[in-house]
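What follows is the content of my_file.txt, which has compact mmCIF, C-alpha atoms:
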# COMPACT_ATOMS: atom_id res chain seq x y z
CA MET J 303 85.92 122.87 71.19
CA ASP J 304 83.85 122.37 68.00
CA TYR J 305 81.28 119.62 68.67
CA ASP J 306 81.76 117.84 65.33
CA PHE J 307 85.53 117.85 65.75
CA LYS J 308 85.16 116.53 69.30
CA MET J 309 82.93 113.66 68.14
CA LYS J 310 85.25 112.83 65.24
CA THR J 311 88.29 112.78 67.55
CA ALA J 312 86.46 110.61 70.09
CA ALA J 313 85.47 108.14 67.34
CA GLU J 314 89.02 107.87 66.06
CA ARG J 315 90.62 107.53 69.50
CA ALA J 316 91.85 104.01 70.23
CA LYS J 317 89.55 102.32 72.72
CA VAL J 318 90.96 99.77 75.10
CA GLU J 319 87.92 97.47 74.79
CA GLU J 320 88.33 97.35 71.00
CA LEU J 321 92.02 96.51 71.14
CA PHE J 322 92.23 94.05 74.05
CA ASP J 323 90.39 91.08 75.52
CA TYR J 324 90.37 91.41 79.29
CA GLU J 325 86.80 90.75 80.46
CA GLY J 326 86.77 88.19 83.27
CA CYS J 327 90.56 88.38 83.57
CA LYS J 328 90.84 90.52 86.69
CA VAL J 329 93.98 89.49 88.54
CA GLY J 330 94.20 92.07 91.29
CA ARG J 331 93.21 95.35 92.81
CA GLY J 332 95.41 98.34 93.50
CA THR J 333 95.00 101.47 95.58
CA TYR J 334 93.29 103.29 92.72
CA GLY J 335 91.68 100.54 90.68
CA HIS J 336 91.77 97.09 89.14
CA VAL J 337 94.40 95.13 87.25
CA TYR J 338 93.55 92.81 84.35
CA LYS J 339 95.49 90.31 82.30
CA ALA J 340 94.85 91.16 78.66
CA LYS J 341 95.55 89.92 75.15
CA ARG J 342 95.46 91.95 71.97
CA LYS J 343 92.51 91.37 69.65
CA ASN J 344 92.39 91.22 65.88
CA SER J 345 90.57 94.50 65.39
CA LEU J 346 89.65 97.16 62.84
CA HIS J 347 88.57 100.64 63.89
CA TYR J 348 85.62 102.53 62.50
CA SER J 349 84.94 106.21 62.26
CA GLU J 350 81.49 107.76 61.90
CA GLY J 351 79.68 106.43 58.87
CA ASN J 352 81.34 103.00 59.31
CA HIS J 353 84.33 103.96 57.17
CA PHE J 354 87.40 101.84 57.89
CA LEU J 355 90.31 103.69 59.37
CA SER J 356 93.76 102.81 58.10
CA ARG J 357 94.88 101.48 61.47
CA HIS J 358 94.71 97.68 61.89
CA CYS J 359 95.76 95.78 65.00
CA SER J 360 96.47 92.07 64.93
CA ALA J 361 96.71 89.68 67.87
CA ASP J 362 100.34 89.14 68.81
CA GLY J 363 99.91 86.33 71.34
CA ARG J 364 101.55 88.36 74.12
CA GLU J 365 100.03 88.91 77.54
CA TYR J 366 99.69 92.41 78.92
CA ALA J 367 98.69 93.98 82.21
CA LEU J 368 95.97 96.62 82.10
CA LYS J 369 95.69 98.92 85.10
CA GLN J 370 92.36 100.69 85.31
CA ILE J 371 92.22 103.81 87.44
CA GLU J 372 88.90 103.98 89.25
CA GLY J 373 86.69 107.01 89.55
CA THR J 374 86.58 110.06 87.36
CA GLY J 375 89.80 111.78 86.41
CA ILE J 376 93.23 110.88 87.72
CA SER J 377 95.12 111.55 90.96
CA MET J 378 98.33 113.54 91.16
CA SER J 379 100.14 110.41 92.35
CA ALA J 380 99.06 108.45 89.29
CA CYS J 381 99.95 111.43 87.07
CA ARG J 382 103.46 111.45 88.51
CA GLU J 383 103.89 107.71 87.91
CA ILE J 384 102.66 108.03 84.31
CA ALA J 385 104.95 111.00 83.64
CA LEU J 386 107.93 109.09 85.02
CA LEU J 387 107.21 105.87 83.17
CA ARG J 388 106.74 107.66 79.86
CA GLU J 389 110.30 108.98 80.14
CA LEU J 390 112.09 105.95 81.59
CA ARG J 391 113.39 103.11 79.41
CA HIS J 392 115.52 100.38 80.97
CA LYS J 393 115.44 96.60 80.79
CA ASN J 394 114.97 96.34 84.59
CA VAL J 395 112.27 98.99 84.98
CA ILE J 396 108.66 98.22 84.12
CA SER J 397 107.75 99.68 80.74
CA LEU J 398 104.57 101.67 80.19
CA GLN J 399 103.37 100.72 76.69
CA LYS J 400 100.40 103.04 76.29
CA VAL J 401 97.86 105.21 78.12
CA PHE J 402 94.19 104.97 77.10
CA LEU J 403 91.74 107.75 77.95
CA SER J 404 88.01 107.22 77.73
CA HIS J 405 86.12 110.52 77.55
CA THR J 406 82.70 108.87 77.79
CA ASP J 407 83.18 107.36 81.26
CA ARG J 408 86.37 109.31 82.17
CA LYS J 409 88.39 106.14 82.77
CA VAL J 410 92.16 105.93 82.45
CA TRP J 411 93.88 102.69 81.48
CA LEU J 412 97.63 101.95 81.62
CA LEU J 413 99.09 99.17 79.49
CA PHE J 414 102.19 97.26 80.66
CA ASP J 415 103.95 94.05 79.78
CA TYR J 416 102.61 91.24 81.95
CA ALA J 417 105.00 89.91 84.59
CA GLU J 418 104.15 86.40 85.75
CA HIS J 419 105.94 86.51 89.12
CA ASP J 420 106.90 88.92 91.83
CA LEU J 421 109.70 88.55 94.33
CA TRP J 422 107.33 88.48 97.31
CA HIS J 423 105.74 85.26 96.09
CA ILE J 424 109.05 83.72 95.04
CA ILE J 425 110.47 84.31 98.53
CA LYS J 426 107.24 83.03 100.10
CA PHE J 427 107.55 79.83 98.06
CA HIS J 428 111.06 79.22 99.40
CA ARG J 429 110.11 80.22 102.95
CA SER J 430 107.21 77.73 102.93
CA ALA J 431 109.52 75.00 101.64
CA LYS J 432 112.02 75.85 104.38
CA ALA J 433 109.28 75.73 107.05
CA ASN J 434 108.22 72.30 105.78
CA LYS J 435 111.86 71.16 105.85
CA LYS J 436 111.96 70.62 102.10
CA GLN J 437 115.35 70.92 100.45
CA ILE J 438 114.53 73.89 98.23
CA SER J 439 116.86 76.82 98.76
CA PHE J 440 117.63 79.85 96.65
CA PRO J 441 120.38 78.87 94.17
CA LYS J 442 123.38 81.21 94.51
CA ASN J 443 123.11 82.21 90.88
CA MET J 444 119.44 83.12 91.34
CA VAL J 445 120.16 85.37 94.33
CA LYS J 446 123.07 87.02 92.55
CA SER J 447 121.11 87.54 89.32
CA LEU J 448 118.16 89.06 91.17
CA LEU J 449 120.34 91.42 93.19
CA PHE J 450 122.41 92.55 90.21
CA GLN J 451 119.33 93.28 88.11
CA ILE J 452 117.71 95.24 90.96
CA LEU J 453 120.90 97.27 91.37
CA ASP J 454 121.10 97.83 87.62
CA GLY J 455 117.52 99.17 87.50
CA ILE J 456 118.03 101.38 90.55
CA HIS J 457 121.34 102.68 89.17
CA TYR J 458 119.46 103.74 86.03
CA LEU J 459 116.76 105.47 88.11
CA HIS J 460 119.32 107.20 90.33
CA SER J 461 121.32 108.30 87.28
CA ASN J 462 118.14 110.02 86.11
CA TRP J 463 117.51 111.60 89.54
CA VAL J 464 114.58 109.32 90.32
CA LEU J 465 114.21 107.77 93.77
CA HIS J 466 111.92 104.78 94.18
CA ARG J 467 111.25 105.33 97.92
CA ASP J 468 109.40 102.05 98.52
CA LEU J 469 111.49 99.16 97.25
CA LYS J 470 110.29 95.82 98.60
CA PRO J 471 109.88 92.28 97.21
CA ALA J 472 106.28 92.90 96.12
CA ASN J 473 107.47 95.77 93.89
CA ILE J 474 110.08 93.61 92.17
CA LEU J 475 108.38 91.82 89.26
CA VAL J 476 109.94 88.92 87.35
CA MET J 477 109.04 88.02 83.79
CA GLY J 478 107.86 84.49 83.03
CA GLU J 479 108.31 82.42 79.87
CA GLY J 480 109.18 84.43 76.77
CA PRO J 481 112.01 86.54 75.38
CA GLU J 482 112.57 88.26 78.75
CA ARG J 483 112.28 85.14 80.93
CA GLY J 484 113.73 85.65 84.39
CA ARG J 485 114.23 89.38 83.97
CA VAL J 486 113.57 91.72 86.90
CA LYS J 487 111.23 94.67 86.42
CA ILE J 488 111.06 97.34 89.11
CA ALA J 489 107.50 98.65 89.49
CA ASP J 490 105.45 101.17 91.54
CA LEU J 491 107.60 104.26 91.18
CA ASP J 492 105.26 106.58 93.07
CA PRO J 493 104.12 104.82 96.25
CA VAL J 494 101.20 105.97 98.36
CA VAL J 495 101.59 103.61 101.34
CA VAL J 496 105.22 103.19 102.35
CA THR J 497 106.39 99.97 103.97
CA PHE J 498 108.16 100.00 107.34
CA TRP J 499 110.21 96.85 107.03
CA TYR J 500 112.43 98.20 104.23
CA ARG J 501 112.57 101.78 105.48
CA ALA J 502 115.99 103.28 106.20
CA PRO J 503 116.79 104.27 109.82
CA GLU J 504 117.40 107.93 108.91
CA LEU J 505 113.80 108.18 107.68
CA LEU J 506 112.50 106.55 110.86
CA LEU J 507 114.46 109.23 112.77
CA GLY J 508 112.76 112.02 110.87
CA ALA J 509 115.20 112.89 108.08
CA ARG J 510 113.52 115.62 106.05
CA HIS J 511 115.13 114.80 102.72
CA TYR J 512 115.08 111.59 100.71
CA THR J 513 118.42 110.51 99.26
CA LYS J 514 119.59 107.68 97.02
CA ALA J 515 120.81 105.92 100.17
CA ILE J 516 117.24 105.05 101.23
CA ASP J 517 116.82 102.83 98.17
CA ILE J 518 120.18 101.19 98.89
CA TRP J 519 119.08 100.29 102.43
CA ALA J 520 115.92 98.71 101.01
CA ILE J 521 118.03 96.69 98.55
CA GLY J 522 120.13 95.50 101.50
CA CYS J 523 116.94 94.34 103.24
CA ILE J 524 115.86 92.48 100.09
CA PHE J 525 119.32 90.90 99.72
CA ALA J 526 119.21 89.64 103.31
CA GLU J 527 115.74 88.22 102.65
CA LEU J 528 117.00 86.39 99.56
CA LEU J 529 119.86 84.90 101.58
CA THR J 530 117.67 83.79 104.51
CA SER J 531 114.08 83.60 103.11
CA GLU J 532 113.05 85.80 106.07
CA PRO J 533 112.40 89.57 106.22
CA ILE J 534 115.35 90.87 108.21
CA PHE J 535 113.58 93.79 109.92
CA HIS J 536 110.01 92.55 110.22
CA CYS J 537 107.88 94.01 113.00
CA ARG J 538 104.20 93.91 113.91
CA GLN J 539 103.13 96.64 111.52
CA GLU J 540 104.25 96.56 107.90
CA ASP J 541 102.71 99.66 106.30
CA ILE J 542 102.99 103.26 107.44
CA LYS J 543 99.55 104.79 107.86
CA THR J 544 100.62 107.91 109.75
CA SER J 545 102.42 111.10 108.85
CA ASN J 546 104.75 110.62 111.84
CA PRO J 547 107.97 109.01 110.53
CA TYR J 548 109.19 107.85 113.95
CA HIS J 549 108.37 104.23 114.71
CA GLN J 550 109.70 102.72 117.90
CA ASP J 551 108.93 99.06 117.12
CA GLN J 552 110.66 99.23 113.74
CA LEU J 553 113.77 100.89 115.20
CA ASP J 554 113.84 98.27 117.96
CA ARG J 555 113.83 95.52 115.31
CA ILE J 556 116.69 97.16 113.41
CA PHE J 557 118.75 97.55 116.60
CA ASN J 558 118.07 93.92 117.59
CA VAL J 559 119.77 92.88 114.36
CA MET J 560 122.34 95.62 113.81
CA GLY J 561 123.03 96.83 117.33
CA PHE J 562 122.47 100.37 118.60
CA PRO J 563 124.25 102.91 116.35
CA GLN J 564 127.46 104.30 117.78
CA GLU J 565 128.12 108.01 117.33
CA LYS J 566 131.59 107.23 115.99
CA ASP J 567 129.95 105.18 113.22
CA TRP J 568 127.13 107.65 112.52
CA GLU J 569 128.32 111.11 113.47
CA ASP J 570 125.22 112.96 112.25
CA ILE J 571 122.75 110.85 114.22
CA LYS J 572 122.59 113.66 116.80
CA LYS J 573 121.26 115.94 114.08
CA MET J 574 118.27 113.71 113.35
CA PRO J 575 114.98 115.42 114.33
CA GLU J 576 113.88 112.38 116.38
CA HIS J 577 117.23 111.87 118.14
CA PRO J 578 115.93 113.19 121.51
CA THR J 579 112.98 110.77 121.29
CA LEU J 580 115.38 107.96 120.38
CA MET J 581 117.51 108.57 123.46
CA LYS J 582 114.41 108.75 125.65
CA ASP J 583 112.88 105.50 124.33
CA PHE J 584 115.97 103.30 124.00
CA LYS J 585 118.81 102.05 126.20
CA ARG J 586 122.03 101.40 124.34
CA SER J 587 122.91 98.63 126.81
CA ASN J 588 119.94 96.53 125.62
CA TYR J 589 121.66 95.93 122.27
CA VAL J 590 125.32 95.39 123.19
CA ASN J 591 125.23 91.75 122.04
CA CYS J 592 123.40 92.46 118.78
CA ASN J 593 125.15 92.68 115.42
CA LEU J 594 124.67 91.69 111.80
CA ILE J 595 127.34 88.98 111.97
CA LYS J 596 125.43 87.06 114.67
CA TYR J 597 122.13 87.39 112.85
CA MET J 598 123.47 86.13 109.53
CA GLU J 599 125.49 83.33 111.15
CA LYS J 600 122.19 81.95 112.49
CA HIS J 601 121.22 81.61 108.84
CA LYS J 602 124.55 80.00 107.94
CA ILE J 603 125.98 83.04 106.13
CA LYS J 604 129.66 83.32 107.04
CA PRO J 605 131.03 86.77 107.94
CA ASP J 606 134.01 86.37 105.60
CA SER J 607 131.84 85.51 102.59
CA LYS J 608 131.60 88.04 99.78
CA ALA J 609 127.82 87.97 100.08
CA PHE J 610 128.00 89.07 103.73
CA LEU J 611 130.62 91.75 103.04
CA LEU J 612 128.41 93.30 100.36
CA LEU J 613 125.35 93.07 102.60
CA GLN J 614 127.26 94.93 105.30
CA LYS J 615 127.97 97.79 102.87
CA LEU J 616 124.33 97.99 101.82
CA LEU J 617 123.08 97.99 105.43
CA THR J 618 125.43 100.65 106.76
CA MET J 619 123.53 102.72 109.33
CA ASP J 620 125.08 106.06 108.33
CA PRO J 621 123.51 106.96 104.96
CA THR J 622 126.56 109.01 103.95
CA LYS J 623 128.73 105.89 104.25
CA ARG J 624 126.31 103.53 102.55
CA ILE J 625 127.53 102.07 99.27
CA THR J 626 126.03 103.41 96.00
CA SER J 627 124.29 101.26 93.38
CA GLU J 628 127.20 101.78 90.98
CA GLN J 629 129.75 100.73 93.60
CA ALA J 630 127.64 97.73 94.55
CA MET J 631 127.48 96.51 90.94
CA LYS J 632 131.29 96.55 90.84
CA ASP J 633 131.61 94.59 94.08
CA SER J 634 133.75 91.44 93.97
CA TYR J 635 130.66 89.41 94.97
CA PHE J 636 129.50 89.65 91.36
CA SER J 637 132.83 88.60 89.86
CA GLU J 638 133.06 85.24 91.63
CA ASP J 639 131.30 82.14 90.34
CA PRO J 640 128.46 81.71 89.73
CA LEU J 641 128.18 84.91 87.69
CA PRO J 642 124.89 86.83 87.53
CA SER J 643 122.57 86.34 84.56
CA GLN J 644 119.74 88.31 82.94
CA ASP J 645 117.62 85.15 83.40
CA MET J 646 117.28 84.48 87.11
CA PHE J 647 115.77 81.06 86.40
CA THR J 648 118.86 79.85 84.56
CA THR J 649 120.01 77.41 87.24
CA PHE J 650 116.57 75.93 87.97
CA LYS J 651 115.88 72.38 86.92
CA GLU J 652 112.73 72.16 84.82
CA GLU J 653 110.73 70.36 87.49
CA THR J 654 111.61 73.01 90.09
CA SER J 655 110.69 75.78 87.67
CA ASN J 656 107.37 74.11 86.88
CA ARG J 657 106.61 73.60 90.57
CA LEU J 658 107.34 77.28 91.23
CA ALA J 659 105.00 78.31 88.42
CA LEU J 660 102.23 76.14 89.88
CA GLN J 661 102.66 77.11 93.53
CA CYS J 662 103.78 80.73 93.20
CA PRO J 663 100.69 82.95 92.64
CA GLN J 664 100.74 85.58 89.94
CA ALA J 665 102.79 88.72 90.40
CA ILE J 666 100.29 91.15 88.96
CA PRO J 667 97.59 90.86 91.65
CA HIS J 668 99.94 92.37 94.17
CA ARG J 669 102.21 94.96 92.76
CA LEU J 670 101.58 95.88 89.21
CA GLN J 671 98.97 98.14 90.70
CA VAL J 672 97.98 101.77 90.53
CA GLN J 673 99.79 102.91 93.64

Spit out the file's structure as structure tokens when you get a sec.
Amino acid sequence: MDYDFKMKTAAERAKVEELFDYEGCKVGRGTYGHVYKAKRKNSLHYSEGNHFLSRHCSADGREYALKQIEGTGISMSACREIALLRELRHKNVISLQKVFLSHTDRKVWLLFDYAEHDLWHIIKFHRSAKANKKQISFPKNMVKSLLFQILDGIHYLHSNWVLHRDLKPANILVMGEGPERGRVKIADLDPVVVTFWYRAPELLLGARHYTKAIDIWAIGCIFAELLTSEPIFHCRQEDIKTSNPYHQDQLDRIFNVMGFPQEKDWEDIKKMPEHPTLMKDFKRSNYVNCNLIKYMEKHKIKPDSKAFLLLQKLLTMDPTKRITSEQAMKDSYFSEDPLPSQDMFTTFKEETSNRLALQCPQAIPHRLQVQ
């Protein structure tokens, strides 16, 4: 490349430090770098010779999230996420605004809208209140609005042949005050570390192909957590750090809630690569008294409620019988009062909303990260 042309292009390229204030605003760290809360500057750009360029950026008062990828260059995983996010546009999927490349220090910056909350912290807030015997429970409208928006975002992804593969509360962002208040944003579309607790049983048994059903199972886990403020399939380890998909403790936790899968209910379980290991490690008789009805009744969710009936369809052990996102969105649960809303905070009283904002840490430190 001609040197003069290269220098001219570099001078004219938008630089993240000229457009945004973010110094001292680090709000988290991801697998590949840091995350900053940023605001747009009033800025003019110069080319060589201090001639003004025609481009002028004015401060807009909005908050953004800047993800900086550490090191030189960019990983294949981050490339995949960028490629996906550049193509995807949906109100419930996080929107990539711009990619900044710095040729001097070989840094890559990703610009997103800033989400004030994530679902992990919202659930933690309610779980802490429950542990302290405070009367703060998830309003029905809030649960329904969250679930419907998650399903809507996943339906869009699935319609475009994109699987998330690691849905969990920390990857579900929620917008704070502003035009999109209370709106869900699904983030981290190309996970590196996959979480056990929300992992479908067919994957734990060695299924070699990912299907849309794995995301539906994860949504079922999240729904149960919204209803109870407790992770339904928690075990000692949360993150998978091995290439071996089989995990005895996690399967044991699932069976303690759901019961041991019957072959009449899941005909293809015998075809799972880890089925011989399953039969060696587990005794069906240990789980005869375990089922989802009993677990949810402990949390005061009645088995004839529409919430439970939908949960049952989401947490069907056989992936081929598991409900789809489109079918779930049409479920009668969403047609009974209270109806879902695009603002999940709609039913909160102002003092509750303010208390949540004070006690619930920021969403960005955890899962608007370079995963």

To test the calculation: enclose all listed atoms of range 517-529 of chain J in a box whose edges run along x, y and z, add 5 Å on each side, then state centre and edge lengths in Å to one decimal, as lines of an AutoDock Vina configuration file.
center_x = 118.0
center_y = 93.9
center_z = 100.7
size_x = 14.4
size_y = 27.9
size_z = 15.1

* For His460 in chain J, which of J:Ser637, J:Thr626, J:Thr579, J:Asn588 is the closest residue, counting all atoms listed in the file? -> J:Thr626

* Leaving out range 618-621 of chain J and any residue of its chain fewer than 5 positions from it, which residues lie within 12 Å of it when counting only C-alpha atoms, given as a PyMOL selection string? -> chain J and resi 501-507+509+511-523+553+556-557+559-572+574+593-594+611-613+626

The selected residues should be written to file as a PDB file, in the coordinates of the input (atoms: C-alpha atoms).
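Dumped everything to part26.pdb:
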ATOM      1  CA  ARG J 501     112.570 101.780 105.480  1.00  0.00           C
ATOM      2  CA  ALA J 502     115.990 103.280 106.200  1.00  0.00           C
ATOM      3  CA  PRO J 503     116.790 104.270 109.820  1.00  0.00           C
ATOM      4  CA  GLU J 504     117.400 107.930 108.910  1.00  0.00           C
ATOM      5  CA  LEU J 505     113.800 108.180 107.680  1.00  0.00           C
ATOM      6  CA  LEU J 506     112.500 106.550 110.860  1.00  0.00           C
ATOM      7  CA  LEU J 507     114.460 109.230 112.770  1.00  0.00           C
ATOM      8  CA  ALA J 509     115.200 112.890 108.080  1.00  0.00           C
ATOM      9  CA  HIS J 511     115.130 114.800 102.720  1.00  0.00           C
ATOM     10  CA  TYR J 512     115.080 111.590 100.710  1.00  0.00           C
ATOM     11  CA  THR J 513     118.420 110.510  99.260  1.00  0.00           C
ATOM     12  CA  LYS J 514     119.590 107.680  97.020  1.00  0.00           C
ATOM     13  CA  ALA J 515     120.810 105.920 100.170  1.00  0.00           C
ATOM     14  CA  ILE J 516     117.240 105.050 101.230  1.00  0.00           C
ATOM     15  CA  ASP J 517     116.820 102.830  98.170  1.00  0.00           C
ATOM     16  CA  ILE J 518     120.180 101.190  98.890  1.00  0.00           C
ATOM     17  CA  TRP J 519     119.080 100.290 102.430  1.00  0.00           C
ATOM     18  CA  ALA J 520     115.920  98.710 101.010  1.00  0.00           C
ATOM     19  CA  ILE J 521     118.030  96.690  98.550  1.00  0.00           C
ATOM     20  CA  GLY J 522     120.130  95.500 101.500  1.00  0.00           C
ATOM     21  CA  CYS J 523     116.940  94.340 103.240  1.00  0.00           C
ATOM     22  CA  LEU J 553     113.770 100.890 115.200  1.00  0.00           C
ATOM     23  CA  ILE J 556     116.690  97.160 113.410  1.00  0.00           C
ATOM     24  CA  PHE J 557     118.750  97.550 116.600  1.00  0.00           C
ATOM     25  CA  VAL J 559     119.770  92.880 114.360  1.00  0.00           C
ATOM     26  CA  MET J 560     122.340  95.620 113.810  1.00  0.00           C
ATOM     27  CA  GLY J 561     123.030  96.830 117.330  1.00  0.00           C
ATOM     28  CA  PHE J 562     122.470 100.370 118.600  1.00  0.00           C
ATOM     29  CA  PRO J 563     124.250 102.910 116.350  1.00  0.00           C
ATOM     30  CA  GLN J 564     127.460 104.300 117.780  1.00  0.00           C
ATOM     31  CA  GLU J 565     128.120 108.010 117.330  1.00  0.00           C
ATOM     32  CA  LYS J 566     131.590 107.230 115.990  1.00  0.00           C
ATOM     33  CA  ASP J 567     129.950 105.180 113.220  1.00  0.00           C
ATOM     34  CA  TRP J 568     127.130 107.650 112.520  1.00  0.00           C
ATOM     35  CA  GLU J 569     128.320 111.110 113.470  1.00  0.00           C
ATOM     36  CA  ASP J 570     125.220 112.960 112.250  1.00  0.00           C
ATOM     37  CA  ILE J 571     122.750 110.850 114.220  1.00  0.00           C
ATOM     38  CA  LYS J 572     122.590 113.660 116.800  1.00  0.00           C
ATOM     39  CA  MET J 574     118.270 113.710 113.350  1.00  0.00           C
ATOM     40  CA  ASN J 593     125.150  92.680 115.420  1.00  0.00           C
ATOM     41  CA  LEU J 594     124.670  91.690 111.800  1.00  0.00           C
ATOM     42  CA  LEU J 611     130.620  91.750 103.040  1.00  0.00           C
ATOM     43  CA  LEU J 612     128.410  93.300 100.360  1.00  0.00           C
ATOM     44  CA  LEU J 613     125.350  93.070 102.600  1.00  0.00           C
ATOM     45  CA  THR J 626     126.030 103.410  96.000  1.00  0.00           C
TER      46      THR J 626
END

* Two-atom distance - CA of Arg382 in chain J, CA of Ala472 in chain J (Å) ->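 Taking CA of Arg382 in chain J and CA of Ala472 in chain J, their separation equals 20.2 Å.
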
* List as a ChimeraX atom specification: which residues have an atom within 9 Å of (94.1, 107.7, 74.8), counting all atoms listed in the file? -> /J:315-318,400-405,410-411

Expected file contents, prior selection, C-alpha atoms, as a PDB file, in the frame of the given file:
ATOM      1  CA  ARG J 315      90.620 107.530  69.500  1.00  0.00           C
ATOM      2  CA  ALA J 316      91.850 104.010  70.230  1.00  0.00           C
ATOM      3  CA  LYS J 317      89.550 102.320  72.720  1.00  0.00           C
ATOM      4  CA  VAL J 318      90.960  99.770  75.100  1.00  0.00           C
ATOM      5  CA  LYS J 400     100.400 103.040  76.290  1.00  0.00           C
ATOM      6  CA  VAL J 401      97.860 105.210  78.120  1.00  0.00           C
ATOM      7  CA  PHE J 402      94.190 104.970  77.100  1.00  0.00           C
ATOM      8  CA  LEU J 403      91.740 107.750  77.950  1.00  0.00           C
ATOM      9  CA  SER J 404      88.010 107.220  77.730  1.00  0.00           C
ATOM     10  CA  HIS J 405      86.120 110.520  77.550  1.00  0.00           C
ATOM     11  CA  VAL J 410      92.160 105.930  82.450  1.00  0.00           C
ATOM     12  CA  TRP J 411      93.880 102.690  81.480  1.00  0.00           C
TER      13      TRP J 411
END

* Which value, in Å to one decimal, gives the distance between CA of Met378 in chain J and CA of Met477 in chain J? -> 28.6 Å

* Give me, please, the distance in Å between CA of Asn462 in chain J and CA of Leu390 in chain J, quoted to one decimal. => 8.6 Å

* Could you check which of J:Gln629, J:Pro640, J:Asn546, J:Asp415 is closest to Gly478 in chain J, using only C-alpha atoms? =>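 Between J:Gln629, J:Pro640, J:Asn546, J:Asp415, the residue approaching Gly478 in chain J most closely is J:Asp415.
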
* Asked: Within 10 Å of Phe525 in chain J, counting all atoms listed in the file, which residues qualify if same-chain residues fewer than 4 places away don't, as number ranges by chain?
  -> J: 445-446, 448-449, 452, 471, 519-521, 529-531, 533-534, 609-610, 612-613, 616-617

* Asked: Closest to Ser627 in chain J among J:Trp463, J:Phe647, J:Trp499, J:Phe450, using all atoms listed in the file?
  -> J:Phe450

* To do: Determine, counting all atoms listed in the file, every residue of protein, DNA or RNA that lies within 12 Å of (110.5, 82.4, 79.3) in the file coordinates, then give the result as a ChimeraX atom specification.
  => /J:364,417-419,476-485,644-648,652,655-656,659

* Asked: Of the candidates J:Leu321, J:Tyr500, J:Leu641, J:Val486, which shows the shortest atom-to-atom distance to Pro441 in chain J, using all atoms listed in the file?
  ->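 Looking at the shortest contact to Pro441 in chain J, the residue is J:Leu641.
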
Final all heavy atoms of range 510-514 of chain J as a compact mmCIF listing (two decimals), keeping the file's coordinate frame:
# COMPACT_ATOMS: atom_id res chain seq x y z
N ARG J 510 114.48 114.83 106.83
CA ARG J 510 113.52 115.62 106.05
C ARG J 510 113.74 115.51 104.55
O ARG J 510 112.91 115.98 103.78
CB ARG J 510 113.59 117.09 106.49
CG ARG J 510 113.11 117.29 107.93
CD ARG J 510 112.99 118.76 108.29
NE ARG J 510 112.39 118.93 109.60
CZ ARG J 510 113.07 119.02 110.73
NH1 ARG J 510 114.40 118.96 110.70
NH2 ARG J 510 112.46 119.17 111.88
N HIS J 511 114.84 114.91 104.14
CA HIS J 511 115.13 114.80 102.72
C HIS J 511 115.41 113.35 102.35
O HIS J 511 116.16 112.65 103.03
CB HIS J 511 116.33 115.67 102.35
CG HIS J 511 116.13 117.12 102.65
ND1 HIS J 511 115.28 117.92 101.91
CD2 HIS J 511 116.65 117.91 103.63
CE1 HIS J 511 115.29 119.15 102.42
NE2 HIS J 511 116.10 119.16 103.45
N TYR J 512 114.81 112.91 101.26
CA TYR J 512 115.08 111.59 100.71
C TYR J 512 116.38 111.65 99.93
O TYR J 512 116.65 112.63 99.22
CB TYR J 512 113.95 111.14 99.77
CG TYR J 512 112.69 110.72 100.48
CD1 TYR J 512 111.73 111.65 100.87
CD2 TYR J 512 112.46 109.38 100.76
CE1 TYR J 512 110.57 111.26 101.52
CE2 TYR J 512 111.30 108.97 101.39
CZ TYR J 512 110.36 109.92 101.77
OH TYR J 512 109.22 109.52 102.42
N THR J 513 117.18 110.61 100.04
CA THR J 513 118.42 110.51 99.26
C THR J 513 118.46 109.14 98.59
O THR J 513 117.66 108.26 98.90
CB THR J 513 119.66 110.68 100.16
OG1 THR J 513 119.77 109.53 101.03
CG2 THR J 513 119.60 111.95 101.00
N LYS J 514 119.42 108.97 97.69
CA LYS J 514 119.59 107.68 97.02
C LYS J 514 119.87 106.56 98.02
O LYS J 514 119.55 105.40 97.76
CB LYS J 514 120.72 107.77 96.00
CG LYS J 514 120.46 108.76 94.88
CD LYS J 514 121.68 108.93 93.98
CE LYS J 514 121.44 109.99 92.91
NZ LYS J 514 122.63 110.20 92.06
